[in-house]
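Structure first, then comments.
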Number of protein chains: 2
Amino acid sequence: MTLESGSITIGVIGGGQLARMMVPPAIHLGLRISVLAEAEGSSAARAADAVGDYRDPETVYAFSDTVDVVTFDHEHVPGEILRELERRGVALHPRPDALQYAQDKILMREKLGELGVPVPAWAAVEDEGELQAFIDAHGGRAVVKTARGGYDGKGVRVVSNAVEVRDWFTALAEDGRGGRLLVEELVDFTRELSQLVARRPGGETRTWPVVETIQRDGVCTEVLAPAPVQRHETLDEAARIGSAVAEGVGVTGVLAVEMFETRDGRVLVNELAMRPHNSGHFSIEGSVTSQFEQHLRAVADLPLGDTSMTAPAAVMVNVLGGPADGPMPVRYAEAFAAHPRAKIHSYDKQPRPGRKVGHVTVTGESLDAALAEARAAAAAFA
Amino acid sequence: MTLESGSITIGVIGGGQLARMMVPPAIHLGLRISVLAEAEGSSAARAADAVGDYRDPETVYAFSDTVDVVTFDHEHVPGEILRELERRGVALHPRPDALQYAQDKILMREKLGELGVPVPAWAAVEDEGELQAFIDAHGGRAVVKTARGGYDGKGVRVVSNAVEVRDWFTALAEDGRGGRLLVEELVDFTRELSQLVARRPGGETRTWPVVETIQRDGVCTEVLAPAPVQRHETLDEAARIGSAVAEGVGVTGVLAVEMFETRDGRVLVNELAMRPHNSGHFSIEGSVTSQFEQHLRAVADLPLGDTSMTAPAAVMVNVLGGPADGPMPVRYAEAFAAHPRAKIHSYDKQPRPGRKVGHVTVTGESLDAALAEARAAAAAFA
């Protein structure tokens, strides 16, 4: 089917909360959505028409045959499978040529270098000797990252001695395909920023306001939209970088560009995500068009929506871990009564220490007031 | 299951657009929703776990066994079935004792009279003679309504001679159970208003701002939220009536009270609907808590959310009929490009003259600007 015939089915590989949150705008717009989930009972279960392993080629090919366009809840589908899908004529968004930069952090660093986008000092290292040389040359400490597979602080270590990632080198060697680790200078940053961008296949682009993101132990905990203005030039530079990256890598769908603002006023790109992103959850209530609706529009090659904010301020606070005694709804009676303005989102996940099980967004006239209310509402689920 | 255990499943009888629009907030809140739809391919298909006839007792009883609480997309489930469900201990919202006033317009008129709520002059008539006497006593024209089963202008006729509804009297006589028609004075109204109210089982109540509704041929076409102020006392009176009716009939869930504002400044109740209502669709984007989320909260007996508006003005325009050449998405390329701020909702229905196939909402600083934009966006689907 095609849009011209009045219907299009968007296939999403991965059944986590990002796929889950694509379902409401799909319902409102009357676009069909179908999810290939990892397991029964996944977060996006309501739309999970298929359950299977995204690393199994035949599973992915069979799922792709049932939909008009394929997009993703995560970046972990193997590149070989994606290339074969493309060869078979399946419409993929983002395309493998773009997605590779979110799948492999070394490729990403190389590409950003080509694009002239400012990044931390970095190197791809093959052994402990090369790594130690980089550490010694950059003040005795550095950040080491696996090129592939990391998320939410996993696959990231701050080290002062190369021996601290010996297990990673060993695993790479055992993998047979070899491979390198990424090492980066430890950036002296004052805060982290994120620029969300949506881009259609033909190049139409929309950006949301630059937001400030607050991390704890490598996991996003709070997002302030828009980012408080300290220097206008810094936010302008962050916005410029976000758009340059979107265009430069040729993304289709939503892209999040995570950045450091350094003590000396520079903006350096930290990570890329080519899908709706935690730093954009505020947009469900805080923007005229949410990142989830926009992602659907972009991958269906439809004109993008307005990204203006619906209020002067929107703050999102993650619910990490969740109540000790069950999923978030066990606390709804108290939380709803105390926080009637808070927009509470549950991903229908069992609680587990540190796990993202939901989030709370509050919109209002000021970031301070919205932050206080969102924190209080999120705390009701501790 | 119960909320205390972290999960509750809300069952909705009826698979139309109202059930459909309950699904997005259910996903966000992590409340399970299950729909008993009339047919495959219904508007709420994504959540339609069961398909069957709501007039068949065994179908309804079997569906009710699979959910924790039962609510409705429409008011057409026979009262005998509802009474039996209640006898079996099924949690119903609204309860049959309340719902009867939305199912039977004569009962409704009697109840509103008891409550002292202002209504048009009316009578329940058994034959043409009684009807003609009412018509003659009220200026030679009157509105005749079937007590049951009408909606969107169906079951309503303006007549000057009793013979014009002879077919209805005949049908009532053939029905075997007999029955009467409702006749009402033709009210000289300047506009129509609607008050949405949500009420929990324990009595907690929240109201949205009074809205102005614009009808054409008995079908709602546009809603202005909040209603433009002509006389403050009129809107205060409309709000007072809405709350009095909610309390008086003991509704649980969302109630819409449709009213006439008369040329001489009175407010008279026209109709009641005990479910989310077309006059509240604006609240999806226009209110902190939409009528659909609020209905779920109320029927799950959870504290109600804030009903403040998210902008000074919100206007909803229905898409009636739809494009001649297919469902609404056939026009998305043009409509999205021309109206990036419009929130477009498709009910995934095939176009048919006069059929409600979707709606458009625009929020903004002024009703005039929002109305112009919403009308233009809706017109893209003509």
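Naming works like this for the structure tokens: A, B, ... for the chains as they're shown, residue 1 at the start of each chain, ligands 1 onward in shown order.
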> Taking only C-alpha atoms into account, which residues of chain B are within 7 Å of chain A, as an MDAnalysis selection string?
Replying inline: chainID B and resid 3:7 24 28:30 288 302:306 326:330 333 336:337 340:341 344:348
> Contacts of Tyr54 of chain A at 8 Å or less, counting only C-alpha atoms, minus same-chain residues fewer than 5 places along, as a PyMOL selection string?
Replying inline: chain A and resi 13-14+36+38+59-60+77
With only C-alpha atoms counted and 7 Å as the cut-off, give the residues of segment 85-186 of chain A in contact with segment 263-276 of chain A, each with its shortest interatomic distance in Å and the pair that gives it, as CSV.
residue,atom,partner,partner_atom,distance
A:Leu99,CA,A:Met274,CA,6.6
A:Ala102,CA,A:Leu272,CA,5.6
A:Pro118,CA,A:Leu268,CA,5.1
A:Val119,CA,A:Leu268,CA,4.5
A:Pro120,CA,A:Leu268,CA,6.2
> So which residues of segment 182-364 of chain B fall under helix (DSSP H, G or I) by DSSP, listed as JSON, numbers by chain?
Replying inline: {"B": [232, 233, 234, 235, 236, 237, 238, 239, 240, 241, 242, 243, 244, 245, 246, 247, 248, 249, 278, 279, 280, 283, 284, 285, 286, 291, 292, 293, 294, 295, 296, 297, 298, 299, 328, 329, 330, 331, 332, 333, 334, 335, 336, 337, 338]}
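Considering the residues B:Ala147, B:Thr213, B:Met316, B:Asp56 and counting only C-alpha atoms, Thr190 of chain B has its shortest atom-to-atom contact with B:Thr213.
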>> If we count only C-alpha atoms and set the cut-off at 8 Å, which residues sit around segment 83-89 of chain B, ignoring sequence neighbours fewer than 4 positions away in its own chain? Please answer as JSON, numbers by chain.
In response: {"B": [61, 79, 96]}
>> Please list as a PyMOL selection string every residue within 10 Å of Leu92 of chain B, counting only C-alpha atoms and excluding residues in the same chain fewer than 5 positions away.
In response: chain B and resi 11+64+68-72+82-83+85-86+99+252+299
Kindly save the residues from that selection, with all heavy atoms included, as a compact mmCIF listing (two decimals), in the first residue's frame.
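Wrote it out as again-v1.txt, contents follow:
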# COMPACT_ATOMS: atom_id res chain seq x y z
N GLY B 11 -12.20 -2.25 29.75
CA GLY B 11 -12.91 -2.77 28.59
C GLY B 11 -13.85 -1.71 28.04
O GLY B 11 -14.56 -1.06 28.79
N SER B 64 -16.83 -9.08 29.16
CA SER B 64 -16.69 -8.48 30.48
C SER B 64 -15.83 -9.33 31.41
O SER B 64 -15.15 -8.81 32.29
CB SER B 64 -18.07 -8.25 31.11
OG SER B 64 -18.83 -7.41 30.28
N ASP B 68 -11.28 -5.61 33.76
CA ASP B 68 -11.51 -5.28 35.16
C ASP B 68 -12.65 -4.28 35.35
O ASP B 68 -13.25 -4.19 36.42
CB ASP B 68 -10.23 -4.68 35.76
CG ASP B 68 -9.09 -5.68 35.71
OD1 ASP B 68 -9.26 -6.78 36.24
OD2 ASP B 68 -8.05 -5.37 35.10
N VAL B 69 -12.89 -3.47 34.32
CA VAL B 69 -13.96 -2.48 34.40
C VAL B 69 -14.48 -2.30 32.97
O VAL B 69 -13.72 -2.42 32.00
CB VAL B 69 -13.45 -1.16 35.02
CG1 VAL B 69 -12.20 -0.67 34.34
CG2 VAL B 69 -14.52 -0.07 34.99
N VAL B 70 -15.77 -2.03 32.85
CA VAL B 70 -16.38 -1.88 31.52
C VAL B 70 -16.89 -0.46 31.35
O VAL B 70 -17.56 0.09 32.23
CB VAL B 70 -17.56 -2.87 31.34
CG1 VAL B 70 -18.34 -2.57 30.06
CG2 VAL B 70 -17.05 -4.31 31.31
N THR B 71 -16.53 0.15 30.22
CA THR B 71 -17.12 1.45 29.87
C THR B 71 -17.53 1.39 28.39
O THR B 71 -17.53 0.32 27.79
CB THR B 71 -16.16 2.61 30.20
OG1 THR B 71 -16.86 3.85 29.99
CG2 THR B 71 -14.90 2.58 29.32
N PHE B 72 -17.91 2.54 27.81
CA PHE B 72 -18.63 2.50 26.55
C PHE B 72 -18.16 3.56 25.56
O PHE B 72 -17.78 4.67 25.93
CB PHE B 72 -20.14 2.71 26.82
CG PHE B 72 -20.67 1.80 27.87
CD1 PHE B 72 -20.75 2.19 29.20
CD2 PHE B 72 -21.04 0.49 27.55
CE1 PHE B 72 -21.21 1.33 30.19
CE2 PHE B 72 -21.50 -0.38 28.52
CZ PHE B 72 -21.59 0.04 29.85
N LEU B 82 -27.00 -4.58 30.75
CA LEU B 82 -26.22 -3.82 31.73
C LEU B 82 -26.64 -4.19 33.16
O LEU B 82 -25.80 -4.34 34.05
CB LEU B 82 -26.42 -2.32 31.50
CG LEU B 82 -25.93 -1.82 30.13
CD1 LEU B 82 -26.25 -0.34 29.95
CD2 LEU B 82 -24.43 -2.07 29.97
N ARG B 83 -27.95 -4.35 33.36
CA ARG B 83 -28.43 -4.72 34.71
C ARG B 83 -27.89 -6.09 35.12
O ARG B 83 -27.53 -6.31 36.26
CB ARG B 83 -29.97 -4.76 34.74
CG ARG B 83 -30.64 -3.45 34.36
CD ARG B 83 -30.72 -2.48 35.52
NE ARG B 83 -31.29 -1.20 35.08
CZ ARG B 83 -31.23 -0.07 35.76
NH1 ARG B 83 -30.62 -0.03 36.94
NH2 ARG B 83 -31.76 1.03 35.30
N LEU B 85 -25.12 -7.48 34.02
CA LEU B 85 -23.68 -7.34 34.30
C LEU B 85 -23.48 -6.84 35.72
O LEU B 85 -22.63 -7.33 36.47
CB LEU B 85 -23.03 -6.35 33.32
CG LEU B 85 -22.74 -6.83 31.91
CD1 LEU B 85 -22.20 -5.68 31.07
CD2 LEU B 85 -21.76 -8.00 31.91
N GLU B 86 -24.28 -5.85 36.09
CA GLU B 86 -24.14 -5.28 37.43
C GLU B 86 -24.48 -6.34 38.49
O GLU B 86 -23.79 -6.45 39.50
CB GLU B 86 -25.07 -4.08 37.55
CG GLU B 86 -24.79 -3.25 38.77
CD GLU B 86 -25.31 -1.84 38.62
OE1 GLU B 86 -26.53 -1.69 38.46
OE2 GLU B 86 -24.50 -0.88 38.67
N LEU B 99 -26.69 5.73 33.22
CA LEU B 99 -26.68 5.66 31.76
C LEU B 99 -28.08 5.71 31.16
O LEU B 99 -28.26 6.17 30.03
CB LEU B 99 -25.96 4.37 31.32
CG LEU B 99 -25.62 4.25 29.82
CD1 LEU B 99 -24.68 5.36 29.38
CD2 LEU B 99 -25.02 2.88 29.52
N THR B 252 -20.49 8.39 36.17
CA THR B 252 -19.06 8.12 36.37
C THR B 252 -18.42 8.07 35.00
O THR B 252 -18.93 7.42 34.09
CB THR B 252 -18.83 6.80 37.13
OG1 THR B 252 -19.71 5.79 36.62
CG2 THR B 252 -19.10 6.98 38.62
N VAL B 299 -13.00 6.11 35.17
CA VAL B 299 -13.57 4.76 35.22
C VAL B 299 -12.63 3.79 35.95
O VAL B 299 -13.07 2.76 36.45
CB VAL B 299 -13.97 4.22 33.82
CG1 VAL B 299 -14.93 5.18 33.14
CG2 VAL B 299 -12.77 3.91 32.95
> Residues at most 9 Å from Thr205 of chain A, counting only C-alpha atoms, excluding those fewer than 5 positions away in the same chain, as a ChimeraX atom specification?
Replying inline: /A:197-200,243,246-247,304
>> Give me, as a ChimeraX atom specification, the residues of segment 165-322 of chain A that a backbone DSSP run labels strand (DSSP E or B).
In response: /A:181-185,189-199,205-207,211-216,219-225,253-262,267-273,287,309,313-320
Can I get the selected residues back with C-alpha atoms, as a tab-separated table (two decimals), in the first residue's frame?
chain	number	residue	atom	x	y	z
A	181	LEU	CA	38.22	0.80	20.85
A	182	LEU	CA	37.45	4.51	20.78
A	183	VAL	CA	39.31	6.71	23.23
A	184	GLU	CA	38.45	10.35	23.83
A	185	GLU	CA	39.80	13.17	25.92
A	189	PHE	CA	32.22	20.46	30.27
A	190	THR	CA	29.82	22.65	32.20
A	191	ARG	CA	26.66	21.03	30.90
A	192	GLU	CA	25.26	18.81	28.17
A	193	LEU	CA	23.00	19.94	25.36
A	194	SER	CA	20.96	18.07	22.79
A	195	GLN	CA	19.64	19.14	19.42
A	196	LEU	CA	16.80	17.11	17.96
A	197	VAL	CA	16.41	17.30	14.20
A	198	ALA	CA	13.91	15.61	11.89
A	199	ARG	CA	14.70	15.17	8.22
A	205	THR	CA	14.40	19.54	7.99
A	206	ARG	CA	12.81	20.76	11.23
A	207	THR	CA	14.58	21.35	14.52
A	211	VAL	CA	17.61	21.41	25.29
A	212	GLU	CA	19.80	20.90	28.33
A	213	THR	CA	20.15	17.30	29.45
A	214	ILE	CA	21.24	16.20	32.89
A	215	GLN	CA	22.91	12.82	33.27
A	216	ARG	CA	23.64	10.70	36.31
A	219	VAL	CA	21.94	7.88	32.19
A	220	CYS	CA	19.74	10.83	31.26
A	221	THR	CA	17.69	11.89	34.26
A	222	GLU	CA	16.28	15.34	33.38
A	223	VAL	CA	15.73	17.48	30.29
A	224	LEU	CA	15.07	21.24	30.31
A	225	ALA	CA	13.39	22.63	27.21
A	253	GLY	CA	13.67	10.41	10.60
A	254	VAL	CA	14.64	11.90	13.93
A	255	LEU	CA	18.27	12.48	14.90
A	256	ALA	CA	19.50	13.48	18.35
A	257	VAL	CA	22.90	15.16	18.53
A	258	GLU	CA	24.21	15.10	22.09
A	259	MET	CA	26.80	17.76	22.85
A	260	PHE	CA	29.08	19.04	25.58
A	261	GLU	CA	29.25	22.75	26.39
A	262	THR	CA	32.83	23.27	27.57
A	267	VAL	CA	30.37	22.98	21.78
A	268	LEU	CA	31.63	19.44	21.04
A	269	VAL	CA	29.56	16.56	19.72
A	270	ASN	CA	29.41	13.62	22.13
A	271	GLU	CA	26.97	11.08	20.65
A	272	LEU	CA	24.44	10.61	17.87
A	273	ALA	CA	21.16	8.69	18.01
A	287	SER	CA	5.82	20.86	21.22
A	309	MET	CA	6.84	24.88	21.99
A	313	ALA	CA	9.01	25.80	29.46
A	314	ALA	CA	8.80	22.01	29.48
A	315	VAL	CA	10.72	19.74	31.82
A	316	MET	CA	11.02	15.97	31.60
A	317	VAL	CA	12.21	13.82	34.49
A	318	ASN	CA	12.86	10.11	33.99
A	319	VAL	CA	11.44	7.54	36.35
A	320	LEU	CA	14.45	5.30	36.99
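Distance annotation: of B:Leu131, B:Ala19, B:Gly179, B:Arg95, the residue with the minimal separation from His295 of chain B is B:Ala19; atom set is only C-alpha atoms.
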